[in-house]
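Source file coords-v7.tsv; content: TSV, C-alpha atoms and all ligand atoms.
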```tsv
chain	number	residue	atom	x	y	z
A	27	MET	CA	-35.71	-7.47	-57.13
A	28	GLU	CA	-35.00	-4.11	-55.44
A	29	ARG	CA	-37.83	-4.68	-52.94
A	30	VAL	CA	-36.42	-8.11	-51.97
A	31	MET	CA	-33.01	-6.55	-51.24
A	32	GLY	CA	-34.62	-3.66	-49.31
A	33	GLY	CA	-36.68	-6.12	-47.24
A	34	GLY	CA	-33.55	-8.14	-46.40
A	35	ALA	CA	-31.38	-5.12	-45.54
A	36	LEU	CA	-33.50	-3.94	-42.60
A	37	PRO	CA	-33.34	-7.19	-40.57
A	38	LEU	CA	-29.63	-7.38	-41.39
A	39	LEU	CA	-29.12	-3.84	-40.11
A	40	LEU	CA	-31.16	-4.53	-36.94
A	41	THR	CA	-29.24	-7.77	-36.29
A	42	SER	CA	-25.91	-5.94	-36.73
A	43	LEU	CA	-27.03	-3.20	-34.35
A	44	GLY	CA	-28.17	-5.84	-31.84
A	45	VAL	CA	-24.80	-7.63	-32.05
A	46	LEU	CA	-22.96	-4.31	-31.65
A	47	LEU	CA	-25.09	-3.38	-28.62
A	48	LEU	CA	-24.51	-6.80	-27.04
A	49	TYR	CA	-20.78	-6.46	-27.68
A	50	ARG	CA	-20.74	-3.02	-25.98
A	51	VAL	CA	-22.69	-4.37	-22.99
A	52	LEU	CA	-20.27	-7.31	-22.67
A	53	VAL	CA	-17.21	-5.02	-22.88
A	54	ARG	CA	-18.75	-2.71	-20.26
A	55	LEU	CA	-19.57	-5.63	-17.98
A	56	ARG	CA	-15.96	-6.83	-18.19
A	57	ARG	CA	-14.55	-3.39	-17.51
A	58	GLY	CA	-17.19	-2.53	-14.92
A	59	ALA	CA	-18.72	0.83	-14.04
A	60	SER	CA	-16.82	4.06	-14.56
A	61	VAL	CA	-15.78	6.37	-11.70
A	62	ARG	CA	-15.47	9.35	-14.07
A	63	GLY	CA	-16.93	12.40	-12.34
A	64	ALA	CA	-17.87	10.34	-9.25
A	65	VAL	CA	-17.41	11.93	-5.81
A	66	VAL	CA	-14.96	9.53	-4.11
A	67	VAL	CA	-14.05	10.01	-0.42
A	68	ILE	CA	-10.80	8.32	0.67
A	69	THR	CA	-9.75	8.22	4.33
A	70	GLY	CA	-6.07	7.89	5.22
A	71	ALA	CA	-5.16	9.55	1.91
A	72	SER	CA	-1.98	11.15	3.23
A	73	SER	CA	0.19	8.05	2.87
A	74	GLY	CA	0.54	4.41	1.87
A	75	LEU	CA	-2.37	2.66	0.24
A	76	GLY	CA	-4.72	5.67	0.64
A	77	LYS	CA	-2.33	7.92	-1.27
A	78	GLU	CA	-2.00	5.34	-4.06
A	79	CYS	CA	-5.80	4.97	-4.19
A	80	ALA	CA	-5.98	8.76	-4.54
A	81	ARG	CA	-3.59	8.54	-7.52
A	82	VAL	CA	-5.51	5.82	-9.37
A	83	PHE	CA	-8.99	7.27	-8.72
A	84	HIS	CA	-7.77	10.75	-9.70
A	85	ALA	CA	-6.31	9.42	-12.96
A	86	ALA	CA	-9.62	7.65	-13.62
A	87	GLY	CA	-11.41	11.01	-13.45
A	88	ALA	CA	-12.96	10.87	-9.95
A	89	ARG	CA	-13.75	14.01	-7.91
A	90	LEU	CA	-11.69	13.22	-4.80
A	91	VAL	CA	-12.24	14.17	-1.19
A	92	LEU	CA	-9.03	13.27	0.62
A	93	CYS	CA	-9.22	12.75	4.39
A	94	GLY	CA	-6.62	12.52	7.13
A	95	ARG	CA	-5.46	14.19	10.33
A	96	ASP	CA	-2.59	16.18	8.88
A	97	ALA	CA	-3.69	19.10	6.68
A	98	ALA	CA	-0.19	19.80	5.36
A	99	ARG	CA	0.43	16.21	4.23
A	100	LEU	CA	-2.96	16.10	2.52
A	101	GLN	CA	-2.13	19.34	0.70
A	102	GLU	CA	1.12	17.77	-0.53
A	103	VAL	CA	-0.91	14.92	-2.03
A	104	VAL	CA	-3.30	17.43	-3.65
A	105	GLN	CA	-0.39	19.34	-5.19
A	106	GLU	CA	1.15	16.14	-6.47
A	107	LEU	CA	-2.13	15.06	-8.05
A	108	ASN	CA	-2.79	18.47	-9.59
A	109	ALA	CA	0.72	18.45	-11.05
A	110	SER	CA	0.19	14.96	-12.45
A	111	SER	CA	-3.05	16.07	-14.15
A	112	THR	CA	-1.09	17.64	-16.99
A	113	ASP	CA	0.48	14.24	-17.73
A	114	ILE	CA	-2.89	12.54	-17.90
A	115	GLN	CA	-3.73	13.80	-21.35
A	116	GLN	CA	-6.39	11.39	-22.47
A	117	GLN	CA	-8.99	12.22	-19.83
A	118	GLN	CA	-10.31	15.07	-17.72
A	119	THR	CA	-9.30	15.14	-14.06
A	120	PHE	CA	-10.67	17.19	-11.17
A	121	PRO	CA	-8.71	19.05	-8.46
A	122	PRO	CA	-9.15	17.11	-5.19
A	123	SER	CA	-10.46	18.69	-2.00
A	124	THR	CA	-9.46	17.77	1.55
A	125	VAL	CA	-11.23	17.28	4.88
A	126	VAL	CA	-9.14	17.09	8.04
A	127	PHE	CA	-10.44	15.04	10.96
A	128	ASP	CA	-9.51	12.32	13.44
A	129	LEU	CA	-11.43	9.06	13.02
A	130	ALA	CA	-10.89	8.28	16.69
A	131	LYS	CA	-12.96	11.34	17.71
A	132	ALA	CA	-16.64	10.69	17.12
A	133	ASP	CA	-17.73	14.37	17.06
A	134	THR	CA	-15.16	15.32	14.39
A	135	VAL	CA	-16.28	12.39	12.20
A	136	GLU	CA	-19.88	13.61	12.09
A	137	LYS	CA	-18.80	17.19	11.37
A	138	ALA	CA	-16.56	15.90	8.56
A	139	ALA	CA	-19.46	14.01	6.98
A	140	GLU	CA	-21.59	17.20	7.13
A	141	GLU	CA	-18.78	19.19	5.52
A	142	ILE	CA	-18.39	16.63	2.72
A	143	LEU	CA	-22.11	16.63	1.95
A	144	LYS	CA	-22.30	20.44	2.13
A	145	CYS	CA	-19.41	20.83	-0.36
A	146	HIS	CA	-20.23	18.05	-2.78
A	147	GLY	CA	-23.96	17.39	-2.30
A	148	HIS	CA	-23.49	13.64	-2.26
A	149	VAL	CA	-20.90	10.85	-2.11
A	150	ASP	CA	-20.68	8.19	-4.83
A	151	VAL	CA	-17.92	6.06	-3.30
A	152	LEU	CA	-16.63	6.02	0.28
A	153	VAL	CA	-13.28	4.24	0.65
A	154	ASN	CA	-12.71	3.56	4.37
A	155	ASN	CA	-8.96	3.03	4.16
A	156	ALA	CA	-7.37	4.74	7.21
A	157	GLY	CA	-6.11	2.49	9.95
A	158	ILE	CA	-3.38	1.74	12.45
A	159	SER	CA	-1.75	-1.49	13.44
A	160	TYR	CA	-0.61	-2.90	16.76
A	161	ARG	CA	2.19	-5.09	18.05
A	162	GLY	CA	1.97	-6.55	21.53
A	163	ASN	CA	1.47	-9.31	24.01
A	164	ILE	CA	-2.09	-9.32	25.43
A	165	LEU	CA	-0.71	-9.81	28.97
A	166	ASP	CA	1.27	-6.55	28.70
A	167	THR	CA	-1.30	-4.51	26.81
A	168	HIS	CA	-3.50	-1.99	28.55
A	169	VAL	CA	-7.20	-2.23	27.67
A	170	SER	CA	-7.09	1.46	26.69
A	171	VAL	CA	-4.75	0.49	23.80
A	172	GLN	CA	-7.24	-2.16	22.66
A	173	ARG	CA	-9.95	0.55	22.75
A	174	ASP	CA	-7.85	3.11	20.86
A	175	VAL	CA	-7.20	0.71	17.99
A	176	MET	CA	-10.92	-0.12	17.84
A	177	GLU	CA	-11.76	3.62	17.72
A	178	THR	CA	-9.57	4.24	14.67
A	179	ASN	CA	-10.06	0.99	12.80
A	180	TYR	CA	-13.68	0.17	13.65
A	181	PHE	CA	-15.79	2.88	15.34
A	182	GLY	CA	-14.38	5.71	13.20
A	183	PRO	CA	-15.07	4.07	9.83
A	184	ILE	CA	-18.53	2.86	10.87
A	185	ALA	CA	-19.42	6.33	12.22
A	186	LEU	CA	-18.37	7.94	8.92
A	187	THR	CA	-20.26	5.28	6.96
A	188	GLN	CA	-23.43	5.77	9.01
A	189	ALA	CA	-23.20	9.56	8.69
A	190	LEU	CA	-23.01	9.33	4.87
A	191	LEU	CA	-25.45	6.43	4.39
A	192	PRO	CA	-28.80	8.28	4.71
A	193	SER	CA	-27.91	10.50	1.75
A	194	MET	CA	-26.92	7.42	-0.30
A	195	VAL	CA	-30.14	5.62	0.63
A	196	GLN	CA	-32.19	8.72	-0.29
A	197	ARG	CA	-30.52	8.81	-3.72
A	198	ARG	CA	-30.63	5.01	-4.09
A	199	SER	CA	-27.02	5.32	-5.14
A	200	GLY	CA	-23.54	5.02	-3.64
A	201	HIS	CA	-20.86	2.47	-2.86
A	202	ILE	CA	-19.20	1.66	0.46
A	203	VAL	CA	-15.68	0.20	0.41
A	204	VAL	CA	-13.57	-0.81	3.40
A	205	ILE	CA	-9.93	-1.84	3.52
A	206	SER	CA	-9.82	-4.68	6.02
A	207	SER	CA	-6.93	-7.18	6.09
A	208	VAL	CA	-6.15	-10.88	5.89
A	209	GLN	CA	-6.27	-10.39	9.67
A	210	GLY	CA	-9.99	-9.66	9.33
A	211	LYS	CA	-10.33	-13.33	8.39
A	212	ILE	CA	-7.67	-15.00	10.54
A	213	ALA	CA	-6.19	-13.86	13.86
A	214	ILE	CA	-2.43	-14.12	14.25
A	215	PRO	CA	-0.60	-13.90	17.60
A	216	TYR	CA	0.63	-10.55	18.99
A	217	ARG	CA	-1.87	-8.63	16.85
A	218	SER	CA	-4.94	-8.92	19.13
A	219	ALA	CA	-6.17	-5.30	18.88
A	220	TYR	CA	-5.57	-5.11	15.12
A	221	ALA	CA	-7.01	-8.52	14.25
A	222	ALA	CA	-10.04	-7.89	16.49
A	223	SER	CA	-10.72	-4.51	14.85
A	224	LYS	CA	-10.46	-6.04	11.37
A	225	HIS	CA	-12.69	-9.02	12.29
A	226	ALA	CA	-15.27	-6.53	13.62
A	227	THR	CA	-14.94	-4.54	10.39
A	228	GLN	CA	-15.57	-7.63	8.27
A	229	ALA	CA	-18.66	-8.55	10.32
A	230	TYR	CA	-20.18	-5.04	10.32
A	231	PHE	CA	-19.74	-4.50	6.57
A	232	ASP	CA	-21.04	-8.01	5.77
A	233	CYS	CA	-24.21	-7.13	7.75
A	234	LEU	CA	-24.41	-3.76	5.99
A	235	ARG	CA	-24.13	-5.38	2.54
A	236	ALA	CA	-27.09	-7.62	3.31
A	237	GLU	CA	-29.13	-4.73	4.74
A	238	ILE	CA	-28.60	-2.09	2.04
A	239	GLY	CA	-28.14	-4.15	-1.12
A	240	HIS	CA	-31.78	-3.60	-2.11
A	241	PHE	CA	-31.18	0.17	-2.22
A	242	GLY	CA	-28.63	-0.42	-4.97
A	243	ILE	CA	-25.68	0.38	-2.69
A	244	PRO	CA	-22.91	-2.22	-2.95
A	245	VAL	CA	-20.50	-2.92	-0.09
A	246	THR	CA	-16.96	-4.08	-0.89
A	247	VAL	CA	-14.65	-5.53	1.76
A	248	ILE	CA	-11.02	-5.74	0.63
A	249	SER	CA	-8.60	-7.90	2.62
A	250	PRO	CA	-4.99	-7.38	1.62
A	251	GLY	CA	-1.96	-9.28	2.86
A	252	TYR	CA	1.24	-7.35	3.56
A	253	ILE	CA	1.68	-4.08	1.63
A	254	ARG	CA	4.89	-2.01	1.47
A	255	THR	CA	3.77	1.01	3.54
A	256	ASN	CA	4.51	2.63	6.89
A	257	LEU	CA	1.76	0.67	8.66
A	258	SER	CA	4.16	-1.19	10.97
A	259	VAL	CA	6.15	2.00	11.72
A	260	ASN	CA	2.95	3.75	12.89
A	261	ALA	CA	1.72	0.69	14.82
A	262	VAL	CA	1.06	1.11	18.55
A	263	THR	CA	2.50	-1.21	21.19
A	264	GLY	CA	1.07	-2.49	24.46
A	265	ASP	CA	1.92	0.70	26.35
A	266	GLY	CA	0.56	2.95	23.59
A	267	SER	CA	3.98	4.02	22.26
A	268	LYS	CA	4.87	3.83	18.57
A	269	TYR	CA	6.47	0.58	17.32
A	270	GLY	CA	8.57	2.58	14.83
A	271	VAL	CA	10.03	-0.34	12.88
A	272	VAL	CA	9.54	-1.43	9.26
A	273	ASP	CA	8.92	-5.14	9.63
A	274	LYS	CA	10.48	-7.50	7.06
A	275	THR	CA	7.01	-8.79	6.20
A	276	THR	CA	5.81	-5.25	5.39
A	277	ALA	CA	9.00	-4.33	3.50
A	278	SER	CA	8.62	-7.38	1.27
A	279	GLY	CA	4.88	-6.88	0.85
A	280	TRP	CA	2.85	-5.99	-2.23
A	281	ASP	CA	3.47	-2.73	-4.05
A	282	PRO	CA	0.75	-0.30	-2.84
A	283	ARG	CA	0.23	0.80	-6.48
A	284	ASP	CA	-0.86	-2.73	-7.41
A	285	VAL	CA	-3.19	-2.92	-4.42
A	286	ALA	CA	-4.70	0.49	-5.30
A	287	GLY	CA	-5.26	-0.75	-8.87
A	288	ALA	CA	-7.07	-3.78	-7.44
A	289	VAL	CA	-9.22	-1.48	-5.25
A	290	LEU	CA	-10.30	0.53	-8.32
A	291	LYS	CA	-11.09	-2.71	-10.18
A	292	ALA	CA	-13.15	-3.97	-7.22
A	293	VAL	CA	-15.11	-0.68	-7.17
A	294	ARG	CA	-15.75	-0.82	-10.92
A	295	GLN	CA	-16.90	-4.44	-10.71
A	296	LYS	CA	-18.84	-3.84	-7.47
A	297	SER	CA	-17.09	-6.87	-5.93
A	298	LYS	CA	-18.36	-7.99	-2.53
A	299	ASP	CA	-15.32	-9.53	-0.87
A	300	VAL	CA	-11.78	-9.49	-2.22
A	301	VAL	CA	-8.68	-11.13	-0.72
A	302	LEU	CA	-5.45	-9.70	-2.14
A	303	ALA	CA	-2.79	-12.05	-0.82
A	304	GLY	CA	-0.36	-14.79	-1.79
A	305	PRO	CA	-0.85	-18.55	-1.41
A	306	LEU	CA	0.18	-18.88	2.27
A	307	PRO	CA	-2.35	-16.41	3.77
A	308	THR	CA	-4.97	-17.75	1.37
A	309	VAL	CA	-4.36	-21.34	2.54
A	310	ALA	CA	-4.44	-20.09	6.15
A	311	ILE	CA	-7.89	-18.52	5.60
A	312	TYR	CA	-9.29	-21.81	4.27
A	313	LEU	CA	-7.53	-23.80	6.99
A	314	ARG	CA	-9.18	-21.65	9.70
A	315	THR	CA	-12.60	-22.82	8.47
A	316	LEU	CA	-11.89	-26.31	7.18
A	317	TRP	CA	-9.36	-27.57	9.74
A	318	PRO	CA	-9.44	-25.19	12.71
A	319	ALA	CA	-7.55	-27.56	15.05
A	320	LEU	CA	-4.51	-27.52	12.72
A	321	PHE	CA	-4.78	-23.75	12.25
A	322	PHE	CA	-4.79	-23.17	16.04
A	323	ARG	CA	-1.80	-25.50	16.45
A	324	LEU	CA	0.13	-23.56	13.79
A	325	MET	CA	-0.73	-20.25	15.47
A	326	SER	CA	0.40	-21.55	18.91
A	327	SER	CA	3.69	-22.69	17.43
A	328	ARG	CA	4.08	-19.30	15.72
A	329	ALA	CA	3.46	-17.55	19.06
A	330	ARG	CA	5.99	-19.75	20.89
A	331	LYS	CA	8.65	-19.14	18.24
A	332	GLU	CA	8.07	-15.36	18.31
A	333	GLN	CA	8.24	-15.31	22.13
A	334	LYS	CA	11.49	-17.32	22.04
A	335	ARG	CA	12.99	-14.86	19.54
A	336	LYS	CA	12.03	-11.95	21.84
A	337	ASP	CA	13.50	-13.68	24.90
A	338	GLU	CA	16.86	-14.32	23.18
A	401	LIG	N1	0.39	-2.25	5.03
A	401	LIG	C1	-0.11	-3.44	5.17
A	401	LIG	O1	0.63	-4.44	5.23
A	401	LIG	C2	-1.58	-3.63	5.21
A	401	LIG	C3	-2.46	-2.58	5.41
A	401	LIG	N2	-3.81	-2.82	5.49
A	401	LIG	C4	-4.74	-1.72	5.75
A	401	LIG	O2	-4.57	-0.71	4.78
A	401	LIG	C5	-5.03	0.53	5.33
A	401	LIG	C6	-4.03	1.63	5.01
A	401	LIG	O3	-2.84	1.42	5.73
A	401	LIG	P1	-1.38	1.67	5.11
A	401	LIG	O4	-1.47	2.54	3.93
A	401	LIG	O5	-0.73	0.37	5.00
A	401	LIG	O6	-0.68	2.43	6.33
A	401	LIG	P2	-0.21	3.97	6.53
A	401	LIG	O7	0.26	4.06	7.94
A	401	LIG	O8	0.71	4.36	5.44
A	401	LIG	O9	-1.54	4.80	6.34
A	401	LIG	C7	-2.52	4.90	7.31
A	401	LIG	C8	-3.37	6.13	7.04
A	401	LIG	O10	-4.42	6.17	8.02
A	401	LIG	C9	-4.51	7.50	8.54
A	401	LIG	N3	-4.93	7.49	9.93
A	401	LIG	C10	-4.36	6.81	10.96
A	401	LIG	N4	-4.99	7.08	12.10
A	401	LIG	C11	-6.00	7.94	11.80
A	401	LIG	C12	-7.00	8.59	12.57
A	401	LIG	N5	-7.12	8.42	13.89
A	401	LIG	N6	-7.86	9.43	11.93
A	401	LIG	C13	-7.75	9.62	10.61
A	401	LIG	N7	-6.83	9.03	9.82
A	401	LIG	C14	-5.96	8.21	10.42
A	401	LIG	C15	-3.12	8.10	8.39
A	401	LIG	O11	-3.25	9.49	8.16
A	401	LIG	P3	-2.67	10.63	9.14
A	401	LIG	O12	-1.65	9.97	10.02
A	401	LIG	O13	-2.10	11.65	8.20
A	401	LIG	O14	-3.87	11.10	9.84
A	401	LIG	C16	-2.59	7.43	7.13
A	401	LIG	O15	-2.87	8.20	6.00
A	401	LIG	C17	-5.23	0.29	6.83
A	401	LIG	O16	-6.60	0.13	7.09
A	401	LIG	C18	-4.50	-1.02	7.06
A	401	LIG	O17	-5.02	-1.73	8.15
A	401	LIG	C19	-4.32	-4.06	5.31
A	401	LIG	C20	-3.52	-5.12	5.08
A	401	LIG	C21	-2.09	-5.01	5.02
A	402	LIG	C1	-0.74	-27.42	5.25
A	402	LIG	C2	-0.16	-26.07	4.97
A	402	LIG	C3	-0.41	-25.13	6.08
A	402	LIG	C4	-0.08	-23.72	5.73
A	402	LIG	C5	-0.72	-22.82	6.71
A	402	LIG	C6	0.04	-21.60	6.84
A	402	LIG	C7	-0.31	-20.83	8.07
A	402	LIG	C8	0.63	-19.69	8.18
A	402	LIG	C9	-0.03	-18.45	8.61
A	402	LIG	C10	0.21	-17.33	7.68
A	402	LIG	C11	-0.16	-16.09	8.34
A	402	LIG	C12	-0.21	-15.00	7.35
A	402	LIG	C13	-0.54	-13.75	8.04
A	402	LIG	C14	-0.81	-12.70	7.06
A	402	LIG	C15	-1.17	-11.49	7.78
A	402	LIG	C16	-1.38	-10.37	6.86
A	402	LIG	O1	-1.25	-10.48	5.66
A	402	LIG	O2	-1.71	-9.25	7.46
A	402	LIG	C17	-1.85	-8.11	6.68
A	402	LIG	C18	-1.80	-6.96	7.59
A	402	LIG	O3	-2.80	-6.34	7.86
A	402	LIG	C19	-0.45	-6.61	8.10
A	402	LIG	O4	-0.54	-5.87	9.27
A	402	LIG	P1	0.62	-5.99	10.35
A	402	LIG	O5	0.43	-4.82	11.24
A	402	LIG	O6	0.43	-7.27	11.05
A	402	LIG	O7	1.94	-5.91	9.62
```
Would you encode the structure as structure tokens?
Amino acid sequence: MERVMGGGALPLLLTSLGVLLLYRVLVRLRRGASVRGAVVVITGASSGLGKECARVFHAAGARLVLCGRDAARLQEVVQELNASSTDIQQQQTFPPSTVVFDLAKADTVEKAAEEILKCHGHVDVLVNNAGISYRGNILDTHVSVQRDVMETNYFGPIALTQALLPSMVQRRSGHIVVISSVQGKIAIPYRSAYAASKHATQAYFDCLRAEIGHFGIPVTVISPGYIRTNLSVNAVTGDGSKYGVVDKTTASGWDPRDVAGAVLKAVRQKSKDVVLAGPLPTVAIYLRTLWPALFFRLMSSRARKEQKRKDE
């Protein structure tokens, strides 16, 4: 009788262990990979979405490398994060480091990548977040302004990515993230430089995903709609001067904390392409592909209305 019970207990134990293991795998798959202890580089970390990304990745236990052009503003973010570490009692956090460079200057980008690798040995996640916007009429915009926006939004991020990629490929590990925009999927009038730079970004990182996926390096393109940040204030105009206005669309945009939370989720789940926008931009994205003639008509009417408003 004892032997029968003993013989039945072992399979029962193994089945229970199997079920428990399966349950843990399923929970992990839902939650996605952890960023605890991961070296996470965030560009444009001094303000807006980048700063909020720094907060959420820091709280999740990442080793942050915060990048931007202004050393003092980056230090303020570091101090804020270090001070917040005492409030995050459940988990260990790491003091962030900073690297100061201008994405629009190719030589400083390469030096920055060298500095990051020298200090940290490797990069687990690169979040290409920094960017500038533009407001202007193509007819009144100097080509040099179109180039400048491309330098910051396109050539800078791809130069940083390419400088860090060989080390990721060598380790067969890493994750490239880029913050694009709804305007990487549809082009709206009076945003030519910005929309072009974001469309180029989408195309480059889609190619990259296909080319490096087999090394185990995911590429995530995130396309938000309007976010409540200073993006429109810092936007450049056709003559290169600062726009300096908080647009209504930006002011009523998504909370950057929610967008940063979605960025962390996308990293954990290794998502490929994420649109973070309301119904109207989402419909517009589909319309551009499914009914382009209507989309172009709507954009022409939008341009005429905006021009009329300016003329009044
Ligand atoms: N706000 C919005 O509505 C939306 C924003 N996005 C995208 O989100 C990203 C973040 O923008 P957001 O937080 O809104 O705007 P912010 O203006 O608040 O932040 C932009 C960041 O980029 C950095 N930056 C700008 N130019 C350079 C440069 N030449 N070299 C290095 N860093 C630079 C700035 O740092 P510093 O000046 O200190 O160097 C700043 O930290 C951008 O890519 C933007 O296109 C996408 C969709 C909507
Ligand atoms: C049959 C129904 C048709 C409905 C079609 C609606 C078409 C309307 C177009 C909507 C355009 C939305 C644009 C959204 C743009 C956006 O979210 O951009 C995000 C940014 O990057 C903001 O940067 P910016 O510098 O432009 O403030």
Environment of ligand LIG 401 (chain A) within 6 Å, counting all atoms listed in the file, reported as a VMD selection string: chain A and resid 70 to 76 94 to 96 128 to 130 155 to 158 178 205 to 207 250 to 257 260 276
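Ranking A:Cys93, A:Ala109, A:Ala229, A:Ala213 by their shortest atom-to-atom distance to ligand LIG 402 (chain A), with all atoms listed in the file included, puts A:Ala213 first.
Across the structure, CA of Lys77 (chain A) and CA of Gln172 (chain A) are spaced 26.4 Å apart.
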Sel. within 9 Å of pt (-10.7, -1.7, 16.9), counting all atoms listed in the file, output as a list in words: Gln172, Arg173, Asp174, Val175, Met176, Glu177, Thr178, Asn179, Tyr180, Phe181, Ala219, Tyr220, Ala221, Ala222, Ser223, Lys224, His225, Ala226 and Thr227 of chain A
Nearby residues (all atoms listed in the file) at most 12 Å from Ser60 (chain A), same-chain spacing under 3 positions excluded, as a PyMOL selection string: chain A and resi 54-57+63-66+83+85-88+150-151+290-296
Given only C-alpha atoms as the counted atoms, nearest of A:Val135, A:Ala310, A:Val285, A:Ile68 to Gly182 (chain A):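 Distance minimum relative to Gly182 (chain A) lands on A:Val135.
Distance cut-off 7 Å, centre (-6.4, 14.7, -3.0), atoms counted only C-alpha atoms; the residues meeting this are Ala80, Leu90, Val91, Leu92, Leu100, Val103, Val104, Leu107, Pro122, Ser123 and Thr124 of chain A.
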Kindly compile the residues surrounding ligand LIG 402 (chain A) within 9 Å, counting all atoms listed in the file, and format them as an mmCIF file with C-alpha atoms, in the frame of the given file.
```
data_model
loop_
_atom_site.group_PDB
_atom_site.id
_atom_site.type_symbol
_atom_site.label_atom_id
_atom_site.label_comp_id
_atom_site.auth_asym_id
_atom_site.auth_seq_id
_atom_site.Cartn_x
_atom_site.Cartn_y
_atom_site.Cartn_z
ATOM 1 C CA ILE A 158 -3.380 1.740 12.450
ATOM 2 C CA SER A 159 -1.750 -1.490 13.440
ATOM 3 C CA TYR A 160 -0.610 -2.900 16.760
ATOM 4 C CA ARG A 161 2.190 -5.090 18.050
ATOM 5 C CA SER A 206 -9.820 -4.680 6.020
ATOM 6 C CA SER A 207 -6.930 -7.180 6.090
ATOM 7 C CA VAL A 208 -6.150 -10.880 5.890
ATOM 8 C CA GLN A 209 -6.270 -10.390 9.670
ATOM 9 C CA GLY A 210 -9.990 -9.660 9.330
ATOM 10 C CA ILE A 212 -7.670 -15.000 10.540
ATOM 11 C CA ALA A 213 -6.190 -13.860 13.860
ATOM 12 C CA ILE A 214 -2.430 -14.120 14.250
ATOM 13 C CA TYR A 216 0.630 -10.550 18.990
ATOM 14 C CA ARG A 217 -1.870 -8.630 16.850
ATOM 15 C CA TYR A 220 -5.570 -5.110 15.120
ATOM 16 C CA ALA A 221 -7.010 -8.520 14.250
ATOM 17 C CA LYS A 224 -10.460 -6.040 11.370
ATOM 18 C CA SER A 249 -8.600 -7.900 2.620
ATOM 19 C CA PRO A 250 -4.990 -7.380 1.620
ATOM 20 C CA GLY A 251 -1.960 -9.280 2.860
ATOM 21 C CA TYR A 252 1.240 -7.350 3.560
ATOM 22 C CA ILE A 253 1.680 -4.080 1.630
ATOM 23 C CA LEU A 257 1.760 0.670 8.660
ATOM 24 C CA SER A 258 4.160 -1.190 10.970
ATOM 25 C CA VAL A 259 6.150 2.000 11.720
ATOM 26 C CA ALA A 261 1.720 0.690 14.820
ATOM 27 C CA VAL A 272 9.540 -1.430 9.260
ATOM 28 C CA ASP A 273 8.920 -5.140 9.630
ATOM 29 C CA THR A 275 7.010 -8.790 6.200
ATOM 30 C CA THR A 276 5.810 -5.250 5.390
ATOM 31 C CA GLY A 279 4.880 -6.880 0.850
ATOM 32 C CA LEU A 302 -5.450 -9.700 -2.140
ATOM 33 C CA ALA A 303 -2.790 -12.050 -0.820
ATOM 34 C CA GLY A 304 -0.360 -14.790 -1.790
ATOM 35 C CA PRO A 305 -0.850 -18.550 -1.410
ATOM 36 C CA LEU A 306 0.180 -18.880 2.270
ATOM 37 C CA PRO A 307 -2.350 -16.410 3.770
ATOM 38 C CA THR A 308 -4.970 -17.750 1.370
ATOM 39 C CA VAL A 309 -4.360 -21.340 2.540
ATOM 40 C CA ALA A 310 -4.440 -20.090 6.150
ATOM 41 C CA ILE A 311 -7.890 -18.520 5.600
ATOM 42 C CA TYR A 312 -9.290 -21.810 4.270
ATOM 43 C CA LEU A 313 -7.530 -23.800 6.990
ATOM 44 C CA LEU A 320 -4.510 -27.520 12.720
ATOM 45 C CA PHE A 321 -4.780 -23.750 12.250
ATOM 46 C CA LEU A 324 0.130 -23.560 13.790
ATOM 47 C CA MET A 325 -0.730 -20.250 15.470
ATOM 48 C CA ARG A 328 4.080 -19.300 15.720
#
```
Residue with smallest distance to Gly266 (chain A) - pool A:Val171, A:Leu39, A:Val67, A:Ala98, counting all atoms listed in the file: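 That would be A:Val171, the residue with the smallest distance to Gly266 (chain A).
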Among listed residues A:Pro282, A:Ser297, A:Gln333, A:Ile248, nearest Gly58 (chain A) (using all atoms listed in the file):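 Result for the nearest residue to Gly58 (chain A): A:Ser297.
Across the structure, CA of Lys211 (chain A) and CA of Val300 (chain A) are spaced 11.4 Å apart.
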Top pick for closest residue to Gly200 (chain A), considering A:Leu152, A:Leu234, A:Leu186, A:Leu47 and counting only C-alpha atoms: A:Leu152
Which residue of A:Ser193, A:Asn163, A:Ser267, A:Thr69 approaches Lys144 (chain A) most closely, using only C-alpha atoms: A:Ser193
Atom-to-atom span, CA of Glu141 (chain A) and CA of Val125 (chain A), Å: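 Spanning CA of Glu141 (chain A) to CA of Val125 (chain A) is a straight-line distance of 7.8 Å.
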